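This is start34.txt. It holds compact mmCIF, C-alpha atoms and all ligand atoms.
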```txt
# COMPACT_ATOMS: atom_id res chain seq x y z
CA MET P 81 108.13 75.55 122.21
CA PRO P 82 108.51 71.80 122.02
CA SER P 83 111.32 70.52 124.20
CA ARG P 84 114.23 68.83 122.47
CA SER P 85 116.43 66.12 123.79
CA ALA P 86 120.14 66.12 123.00
CA ALA P 87 119.67 62.66 121.47
CA ALA P 88 117.48 64.20 118.76
CA LEU P 89 120.19 66.65 117.76
CA PRO P 90 123.11 66.30 115.36
CA ASP P 91 126.49 65.82 117.05
CA SER P 92 127.55 69.34 116.18
CA ALA P 93 124.54 70.70 118.02
CA ALA P 94 124.39 68.31 120.96
CA ALA P 95 126.54 70.45 123.21
CA GLY P 96 125.10 73.73 122.10
CA PRO P 97 121.35 74.24 121.72
CA SER P 98 119.53 75.84 124.54
CA ASP P 99 118.51 73.82 127.51
CA CYS P 100 115.82 76.05 128.95
CA ALA P 101 116.94 75.27 132.50
CA THR P 102 120.46 76.61 132.00
CA ARG P 103 120.65 78.57 128.77
CA PRO P 104 118.50 81.12 127.07
CA ARG P 105 116.56 80.24 123.97
CA VAL P 106 118.74 81.13 120.99
CA THR P 107 116.91 82.98 118.24
CA LEU P 108 118.34 84.08 114.91
CA VAL P 109 116.93 87.31 113.50
CA VAL P 110 117.61 87.71 109.80
CA ALA P 111 116.26 89.67 106.87
CA ARG P 112 116.81 87.81 103.65
CA ALA P 113 116.08 88.53 100.00
CA ARG P 114 114.53 85.83 97.81
CA ASN P 115 117.98 84.98 96.39
CA GLY P 116 119.52 84.64 99.87
CA VAL P 117 121.27 88.01 100.01
CA ILE P 118 121.49 89.63 103.45
CA GLY P 119 124.24 92.19 102.96
CA ALA P 120 126.19 94.30 100.47
CA ASP P 121 129.35 96.35 100.92
CA GLY P 122 129.25 95.94 104.69
CA GLY P 123 125.69 97.18 105.05
CA LEU P 124 122.09 96.25 104.34
CA PRO P 125 121.18 96.31 100.64
CA TRP P 126 117.70 97.77 101.26
CA HIS P 127 115.97 100.43 103.28
CA LEU P 128 112.97 98.88 104.95
CA PRO P 129 111.88 100.94 107.97
CA GLU P 130 109.01 98.53 108.64
CA ASP P 131 111.53 95.73 109.19
CA LEU P 132 113.71 97.87 111.45
CA LYS P 133 110.64 98.60 113.55
CA HIS P 134 109.87 94.87 113.80
CA PHE P 135 113.51 94.17 114.71
CA ARG P 136 113.42 96.79 117.46
CA ALA P 137 110.20 95.46 118.99
CA LEU P 138 111.40 91.84 118.84
CA THR P 139 114.80 92.42 120.44
CA MET P 140 113.96 95.16 122.94
CA GLY P 141 114.89 94.25 126.52
CA HIS P 142 117.09 91.33 125.47
CA ALA P 143 120.71 90.58 124.71
CA ILE P 144 121.71 90.78 121.06
CA VAL P 145 124.78 88.95 119.76
CA MET P 146 126.48 90.13 116.60
CA GLY P 147 129.65 89.68 114.60
CA ARG P 148 132.25 92.42 114.67
CA ARG P 149 131.52 93.50 111.11
CA THR P 150 127.83 93.91 111.90
CA TRP P 151 128.79 95.98 114.96
CA ASP P 152 130.99 98.14 112.73
CA SER P 153 128.11 98.63 110.29
CA ILE P 154 125.64 99.61 113.02
CA GLY P 155 128.28 101.82 114.64
CA ARG P 156 126.82 101.99 118.16
CA ALA P 157 125.12 100.03 120.89
CA LEU P 158 121.38 99.81 120.29
CA PRO P 159 119.36 101.33 123.14
CA GLY P 160 117.37 99.10 125.47
CA ARG P 161 119.37 96.01 124.59
CA ARG P 162 122.54 94.33 125.86
CA SER P 163 125.03 94.20 123.00
CA ILE P 164 127.54 91.37 122.81
CA VAL P 165 130.06 91.53 119.96
CA VAL P 166 131.86 88.38 118.86
CA SER P 167 135.44 89.10 117.82
CA ARG P 168 138.72 87.25 118.05
CA ASP P 169 140.55 90.56 118.45
CA GLU P 170 141.38 90.83 122.15
CA THR P 171 142.50 94.41 121.72
CA ARG P 172 139.20 95.73 120.36
CA ARG P 173 136.88 97.62 122.69
CA PHE P 174 133.23 98.14 121.85
CA GLU P 175 131.70 101.13 123.58
CA GLY P 176 128.51 100.20 125.38
CA ALA P 177 128.95 96.53 124.47
CA GLU P 178 130.72 93.41 125.72
CA ARG P 179 133.15 91.35 123.67
CA ALA P 180 133.04 87.56 123.40
CA ALA P 181 135.75 85.49 121.73
CA SER P 182 133.30 82.87 120.43
CA ILE P 183 129.58 82.27 119.95
CA ASP P 184 129.56 79.98 122.98
CA GLU P 185 131.15 82.63 125.15
CA ALA P 186 128.56 85.14 123.88
CA LEU P 187 125.68 82.80 124.77
CA GLU P 188 127.22 82.16 128.17
CA ILE P 189 127.45 85.91 128.85
CA ALA P 190 123.84 86.36 127.73
CA SER P 191 122.65 83.64 130.11
CA ARG P 192 123.80 85.64 133.14
CA PRO P 193 122.37 88.97 134.27
CA GLY P 194 124.53 91.92 133.29
CA ALA P 195 124.82 95.49 134.52
CA ASP P 196 121.21 96.24 133.57
CA PRO P 197 118.94 93.88 135.52
CA SER P 198 115.97 94.73 133.29
CA ILE P 199 117.52 92.82 130.39
CA ALA P 200 115.89 89.39 130.10
CA THR P 201 118.01 86.24 130.10
CA ASP P 202 115.35 83.81 128.82
CA GLU P 203 116.03 84.44 125.12
CA VAL P 204 119.02 85.81 123.25
CA PHE P 205 118.89 87.16 119.72
CA VAL P 206 121.71 86.49 117.27
CA ILE P 207 121.43 89.33 114.78
CA GLY P 208 124.11 88.53 112.20
CA GLY P 209 125.95 88.75 109.99
CA ALA P 210 126.53 85.69 107.84
CA GLN P 211 129.56 84.44 109.78
CA LEU P 212 127.73 84.70 113.09
CA PHE P 213 124.61 83.03 111.71
CA ALA P 214 126.80 80.16 110.47
CA ALA P 215 128.43 79.81 113.89
CA ALA P 216 125.12 80.04 115.77
CA LEU P 217 122.83 77.97 113.53
CA ALA P 218 123.50 74.64 115.25
CA ARG P 219 122.72 76.25 118.60
CA ALA P 220 119.53 77.97 117.49
CA ASP P 221 116.03 76.95 118.56
CA ARG P 222 114.11 79.70 116.79
CA ALA P 223 114.61 81.88 113.73
CA VAL P 224 112.60 84.97 112.89
CA VAL P 225 113.19 85.60 109.21
CA THR P 226 112.04 88.62 107.25
CA GLU P 227 111.61 87.13 103.79
CA ILE P 228 111.83 89.94 101.25
CA ASP P 229 109.97 89.06 98.09
CA ARG P 230 112.54 90.17 95.55
CA ASP P 231 116.05 89.34 94.42
CA VAL P 232 118.71 91.79 95.55
CA GLU P 233 122.36 92.23 94.61
CA GLY P 234 124.83 91.67 97.40
CA ASP P 235 127.89 89.85 98.68
CA THR P 236 126.67 88.28 101.91
CA HIS P 237 124.20 85.40 102.01
CA PHE P 238 122.10 83.27 104.31
CA GLU P 239 120.85 79.92 103.04
CA ALA P 240 117.18 79.07 103.40
CA LEU P 241 116.50 77.04 106.53
CA ASP P 242 116.41 73.28 106.08
CA SER P 243 112.74 72.29 106.04
CA ALA P 244 113.70 68.92 107.58
CA ALA P 245 114.87 70.76 110.68
CA TRP P 246 112.68 73.85 110.86
CA SER P 247 108.91 74.43 110.87
CA VAL P 248 106.95 77.62 110.38
CA VAL P 249 104.81 78.51 113.39
CA ASP P 250 103.74 81.95 112.23
CA ARG P 251 103.86 83.93 108.99
CA ARG P 252 102.78 87.54 108.56
CA GLU P 253 102.61 89.03 105.10
CA ARG P 254 103.37 92.74 104.85
CA ARG P 255 103.80 95.41 102.23
CA ALA P 256 106.23 98.26 102.85
CA ALA P 257 105.41 101.88 102.06
CA ASP P 258 107.61 101.62 98.94
CA GLY P 259 105.60 98.63 97.71
CA THR P 260 108.11 95.93 98.70
CA ARG P 261 106.33 92.77 99.75
CA PHE P 262 107.84 90.86 102.64
CA ALA P 263 106.81 88.31 105.23
CA ILE P 264 107.92 87.94 108.83
CA VAL P 265 108.23 84.21 109.37
CA ASP P 266 108.69 82.61 112.77
CA TYR P 267 110.45 79.23 112.62
CA ARG P 268 111.04 76.66 115.35
CA ARG P 269 113.55 73.88 115.15
CA THR P 270 111.55 70.67 115.09
CA GLY P 271 114.06 68.17 113.70
CA ALA P 272 117.73 67.38 113.55
CA GLY P 273 118.29 68.49 109.94
CA GLU P 274 121.78 68.91 108.57
CA ASP P 275 123.23 71.94 110.32
N1 LIG V 301 120.04 91.14 106.57
C1 LIG V 301 120.38 90.81 107.82
O1 LIG V 301 119.59 90.21 108.57
C2 LIG V 301 121.75 91.15 108.32
C3 LIG V 301 122.01 91.09 109.70
C4 LIG V 301 123.29 91.43 110.14
C5 LIG V 301 124.26 91.80 109.22
N2 LIG V 301 123.95 91.86 107.91
C6 LIG V 301 124.97 92.22 106.91
O2 LIG V 301 125.93 91.15 106.88
C7 LIG V 301 127.23 91.71 106.56
C8 LIG V 301 128.19 91.36 107.66
O3 LIG V 301 128.27 89.95 107.79
P1 LIG V 301 129.67 89.17 107.81
O4 LIG V 301 129.36 87.74 107.71
O5 LIG V 301 130.57 89.80 106.79
O6 LIG V 301 130.30 89.57 109.22
P2 LIG V 301 129.80 89.34 110.74
O7 LIG V 301 129.31 87.95 110.95
O8 LIG V 301 128.93 90.47 111.16
O9 LIG V 301 131.19 89.58 111.51
C9 LIG V 301 132.30 88.80 111.20
C10 LIG V 301 133.33 88.96 112.29
O10 LIG V 301 132.81 88.43 113.53
C11 LIG V 301 133.83 87.71 114.20
N3 LIG V 301 133.48 86.28 114.15
C12 LIG V 301 132.68 85.66 113.26
N4 LIG V 301 132.55 84.36 113.57
C13 LIG V 301 133.28 84.16 114.68
C14 LIG V 301 133.53 83.03 115.49
N5 LIG V 301 132.98 81.83 115.22
N6 LIG V 301 134.35 83.15 116.56
C15 LIG V 301 134.90 84.36 116.86
N7 LIG V 301 134.68 85.49 116.12
C16 LIG V 301 133.89 85.37 115.05
C17 LIG V 301 135.10 88.03 113.47
O11 LIG V 301 135.53 89.28 114.02
P3 LIG V 301 137.08 89.74 114.10
O12 LIG V 301 137.51 89.89 112.67
O13 LIG V 301 137.03 91.03 114.87
O14 LIG V 301 137.79 88.64 114.84
C18 LIG V 301 134.62 88.21 112.05
O15 LIG V 301 135.50 88.96 111.24
C19 LIG V 301 127.00 93.21 106.41
O16 LIG V 301 126.74 93.52 105.06
C20 LIG V 301 125.76 93.44 107.25
O17 LIG V 301 125.05 94.63 106.89
C21 LIG V 301 122.72 91.53 107.45
```
Show me this structure written as structure tokens.
Ligand SMILES: NC(=O)c1ccc[n+]([C@@H]2O[C@H](COP(=O)([O-])OP(=O)(O)OC[C@H]3O[C@@H](n4cnc5c(N)ncnc54)[C@H](OP(=O)(O)O)[C@@H]3O)[C@@H](O)[C@H]2O)c1
Amino acid sequence: MPSRSAAALPDSAAAGPSDCATRPRVTLVVARARNGVIGADGGLPWHLPEDLKHFRALTMGHAIVMGRRTWDSIGRALPGRRSIVVSRDETRRFEGAERAASIDEALEIASRPGADPSIATDEVFVIGGAQLFAAALARADRAVVTEIDRDVEGDTHFEALDSAAWSVVDRRERRAADGTRFAIVDYRRTGAGED
């Protein structure tokens, strides 16, 4: 990954994006319909086992950071990963997961080894939902986006990445068993952009 100096970043990002020496690489993992929809009624608006398999392989052995609503929709800690749930509610407990009060606290937790020493600290995956993606975008170095080639109805959205700030380094076209076409697109931040 190309290194980035703080001077090349927007003010909002200057304090946040990963410095490989001290912080893990911050990667967003998102599945997005053509019209930007990522969620509906608190869940995913599609059933795409091929994408879930990709998600599992990508995140296995790493920390995953999610918003409280996404935690509630998954309903449990995902095996083989360190779950960090961002919530302002100090009274909430998340079984098998750690709570962080902010995205920065979550990234700080992920940068240090936890109870399971096999969990890597070089890269942390922010897995949603929309609120968490918005909070983490300025700190992100990489985004792995499943681009689903159809419009979908829903109530939760993720805007397309700003092409002035992000470049595609890999794109894999797939077709699901049900015929849905999608692509797994690996983006790197290469410019300051607007986020
Ligand atoms: N397609 C995808 O890739 C994808 C991925 C994940 C989720 N989703 C979908 O997205 C939807 C959920 O997204 P969402 O945006 O409604 O919720 P979310 O981001 O999962 O969670 C929102 C909650 O996280 C906490 N939070 C968010 N930002 C925070 C911040 N800056 N500081 C501290 N706490 C913060 C708050 O929890 P408290 O209220 O507890 O304080 C907030 O209510 C669901 O439909 C889900 O299925 C889609």
**Request:** Would you work out the distance separating CA of Gln211 in chain P from atom O2 of ligand LIG 301 (chain V), expressed in Å to one decimal?
**Result:** 8.2 Å
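Distance annotation: of P:Gly234, P:Gly176, P:Pro159, P:Pro104, the residue with the minimal separation from Val204 in chain P is P:Pro104; atom set is all atoms listed in the file.
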**Request:** Could you give me, as a list in words, the residues within 10 Å of Ser191 in chain P, counting only C-alpha atoms and dropping anything in the same chain fewer than 6 positions from it?
**Result:** Thr102, Arg103, Pro104, Arg105, Ala143, Glu185, Ala200, Thr201, Asp202, Glu203 and Val204 of chain P
Rows by chain and residue number, chain P within 9 Å of ligand LIG 301 (chain V), shortest pair, only C-alpha atoms and all ligand atoms, as CSV:
```
residue,atom,partner,partner_atom,distance
P:Leu108,CA,V:LIG301,O1,8.9
P:Val109,CA,V:LIG301,O1,6.3
P:Val110,CA,V:LIG301,O1,3.4
P:Ala111,CA,V:LIG301,O1,3.8
P:Arg112,CA,V:LIG301,N1,5.5
P:Ala113,CA,V:LIG301,N1,8.1
P:Val117,CA,V:LIG301,N1,7.4
P:Ile118,CA,V:LIG301,N1,3.8
P:Gly119,CA,V:LIG301,O16,3.5
P:Ala120,CA,V:LIG301,O16,4.7
P:Asp121,CA,V:LIG301,O16,5.7
P:Gly122,CA,V:LIG301,O16,3.5
P:Gly123,CA,V:LIG301,O17,3.2
P:Leu124,CA,V:LIG301,O17,4.2
P:Pro125,CA,V:LIG301,O17,7.5
P:Trp126,CA,V:LIG301,N1,8.8
P:Met146,CA,V:LIG301,O8,6.0
P:Gly147,CA,V:LIG301,O9,3.5
P:Arg148,CA,V:LIG301,O10,4.2
P:Arg149,CA,V:LIG301,O9,4.0
P:Thr150,CA,V:LIG301,O8,3.7
P:Trp151,CA,V:LIG301,O8,6.7
P:Asp152,CA,V:LIG301,O8,8.1
P:Ser153,CA,V:LIG301,O17,6.1
P:Ile154,CA,V:LIG301,O17,7.9
P:Val165,CA,V:LIG301,O10,7.6
P:Val166,CA,V:LIG301,N7,4.9
P:Ser167,CA,V:LIG301,O11,3.8
P:Arg168,CA,V:LIG301,O14,3.6
P:Asp169,CA,V:LIG301,O14,4.9
P:Glu170,CA,V:LIG301,O14,8.4
P:Arg172,CA,V:LIG301,O13,7.5
P:Ala180,CA,V:LIG301,C15,7.5
P:Ala181,CA,V:LIG301,C15,5.1
P:Ser182,CA,V:LIG301,N6,4.0
P:Ile183,CA,V:LIG301,N5,5.8
P:Asp184,CA,V:LIG301,N6,8.6
P:Val206,CA,V:LIG301,C4,8.8
P:Ile207,CA,V:LIG301,C3,5.4
P:Gly208,CA,V:LIG301,C4,3.7
P:Gly209,CA,V:LIG301,O3,3.4
P:Ala210,CA,V:LIG301,O4,3.5
P:Gln211,CA,V:LIG301,O7,3.7
P:Leu212,CA,V:LIG301,O7,4.2
P:Phe213,CA,V:LIG301,O7,6.8
P:Ala214,CA,V:LIG301,N4,7.8
P:Ala215,CA,V:LIG301,N5,5.2
P:Ala216,CA,V:LIG301,N5,8.1
P:Val225,CA,V:LIG301,O1,7.9
P:Thr226,CA,V:LIG301,O1,7.8
P:Gly234,CA,V:LIG301,O16,8.1
P:Asp235,CA,V:LIG301,O16,7.4
P:Thr236,CA,V:LIG301,O2,5.8
P:His237,CA,V:LIG301,O2,7.7
P:Phe238,CA,V:LIG301,N1,8.4
```
Could you build a table of the residues in range 124-231 of chain P lying no more than 9 Å from range 247-260 of chain P, giving for each the nearest pair of atoms and their separation in Å rounded to one decimal place, using all atoms listed in the file, ordered by chain and ascending residue number, as JSON lines?
```
{"residue": "P:Leu128", "atom": "CA", "partner": "P:Ala256", "partner_atom": "CA", "distance": 7.1}
{"residue": "P:Pro129", "atom": "CA", "partner": "P:Ala256", "partner_atom": "CA", "distance": 8.1}
{"residue": "P:Glu130", "atom": "CA", "partner": "P:Ala256", "partner_atom": "CA", "distance": 6.4}
{"residue": "P:Asp131", "atom": "CA", "partner": "P:Ala256", "partner_atom": "CA", "distance": 8.6}
{"residue": "P:Ile228", "atom": "CA", "partner": "P:Thr260", "partner_atom": "CA", "distance": 7.5}
{"residue": "P:Asp229", "atom": "CA", "partner": "P:Thr260", "partner_atom": "CA", "distance": 7.1}
{"residue": "P:Arg230", "atom": "CA", "partner": "P:Thr260", "partner_atom": "CA", "distance": 7.9}
```
**Prompt:** What separation in Å, quoted to one decimal, exists between CA of Val145 in chain P and CA of Ala190 in chain P?
**Reply:** 8.4 Å
**Distance in Å - CA of Ser243 in chain P versus CA of Arg114 in chain P** =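 Taking CA of Ser243 in chain P as the start and CA of Arg114 in chain P as the end point, the length is 15.9 Å.
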**Complete:** Of P:Ala177, P:Ala240, P:Leu138, P:Glu227, the one sitting nearest Arg162 in chain P when using all atoms listed in the file is P:Ala177
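Take the candidates P:Arg222, P:His142, P:Arg156, P:Lys133 and check each one against Arg192 in chain P using only C-alpha atoms; the shortest distance goes to P:His142.
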**Asked** For Glu239 in chain P, which of P:Ser163, P:Thr171, P:Thr139, P:Asn115 is the closest residue, counting all atoms listed in the file?
**Response**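 Using all atoms listed in the file, the shortest distance to Glu239 in chain P belongs to P:Asn115.
Each of P:Arg219, P:Val232, P:Ala263, P:Leu241 was checked against Thr107 in chain P using all atoms listed in the file; the smallest atom-to-atom distance is that of P:Arg219.
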**Message:** Given all atoms listed in the file as the basis, pick out the residue of P:Arg179, P:Ile264, P:Leu217, P:His127 nearest to Ile144 in chain P.
**Reply:**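 Counting all atoms listed in the file, the residue closest to Ile144 in chain P is P:Arg179.
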Generate N, CA and C atoms for range 122-135 of chain P and emit them as a short mmCIF file (atom, residue, chain, number, x, y, z; two decimals), keeping the file's coordinate frame.
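Result file follows (part-v9.cif):
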```
data_model
loop_
_atom_site.label_atom_id
_atom_site.label_comp_id
_atom_site.auth_asym_id
_atom_site.auth_seq_id
_atom_site.Cartn_x
_atom_site.Cartn_y
_atom_site.Cartn_z
N GLY P 122 129.19 95.70 103.25
CA GLY P 122 129.25 95.94 104.69
C GLY P 122 127.98 96.49 105.31
N GLY P 123 126.94 96.65 104.50
CA GLY P 123 125.69 97.18 105.05
C GLY P 123 124.49 96.38 104.56
N LEU P 124 123.31 96.90 104.83
CA LEU P 124 122.09 96.25 104.34
C LEU P 124 121.79 96.76 102.94
N PRO P 125 121.41 95.88 102.02
CA PRO P 125 121.18 96.31 100.64
C PRO P 125 119.77 96.85 100.39
N TRP P 126 119.06 97.20 101.41
CA TRP P 126 117.70 97.77 101.26
C TRP P 126 117.45 98.74 102.39
N HIS P 127 116.43 99.55 102.20
CA HIS P 127 115.97 100.43 103.28
C HIS P 127 114.53 100.07 103.54
N LEU P 128 114.30 99.41 104.66
CA LEU P 128 112.97 98.88 104.95
C LEU P 128 112.62 99.26 106.40
N PRO P 129 112.15 100.48 106.60
CA PRO P 129 111.88 100.94 107.97
C PRO P 129 110.91 100.03 108.72
N GLU P 130 109.98 99.42 107.98
CA GLU P 130 109.01 98.53 108.64
C GLU P 130 109.73 97.34 109.27
N ASP P 131 110.79 96.86 108.63
CA ASP P 131 111.53 95.73 109.19
C ASP P 131 112.37 96.17 110.39
N LEU P 132 112.92 97.37 110.32
CA LEU P 132 113.71 97.87 111.45
C LEU P 132 112.82 98.02 112.68
N LYS P 133 111.58 98.46 112.44
CA LYS P 133 110.64 98.60 113.55
C LYS P 133 110.32 97.23 114.17
N HIS P 134 110.11 96.25 113.33
CA HIS P 134 109.87 94.87 113.80
C HIS P 134 111.08 94.38 114.59
N PHE P 135 112.27 94.62 114.06
CA PHE P 135 113.51 94.17 114.71
C PHE P 135 113.63 94.80 116.10
#
```
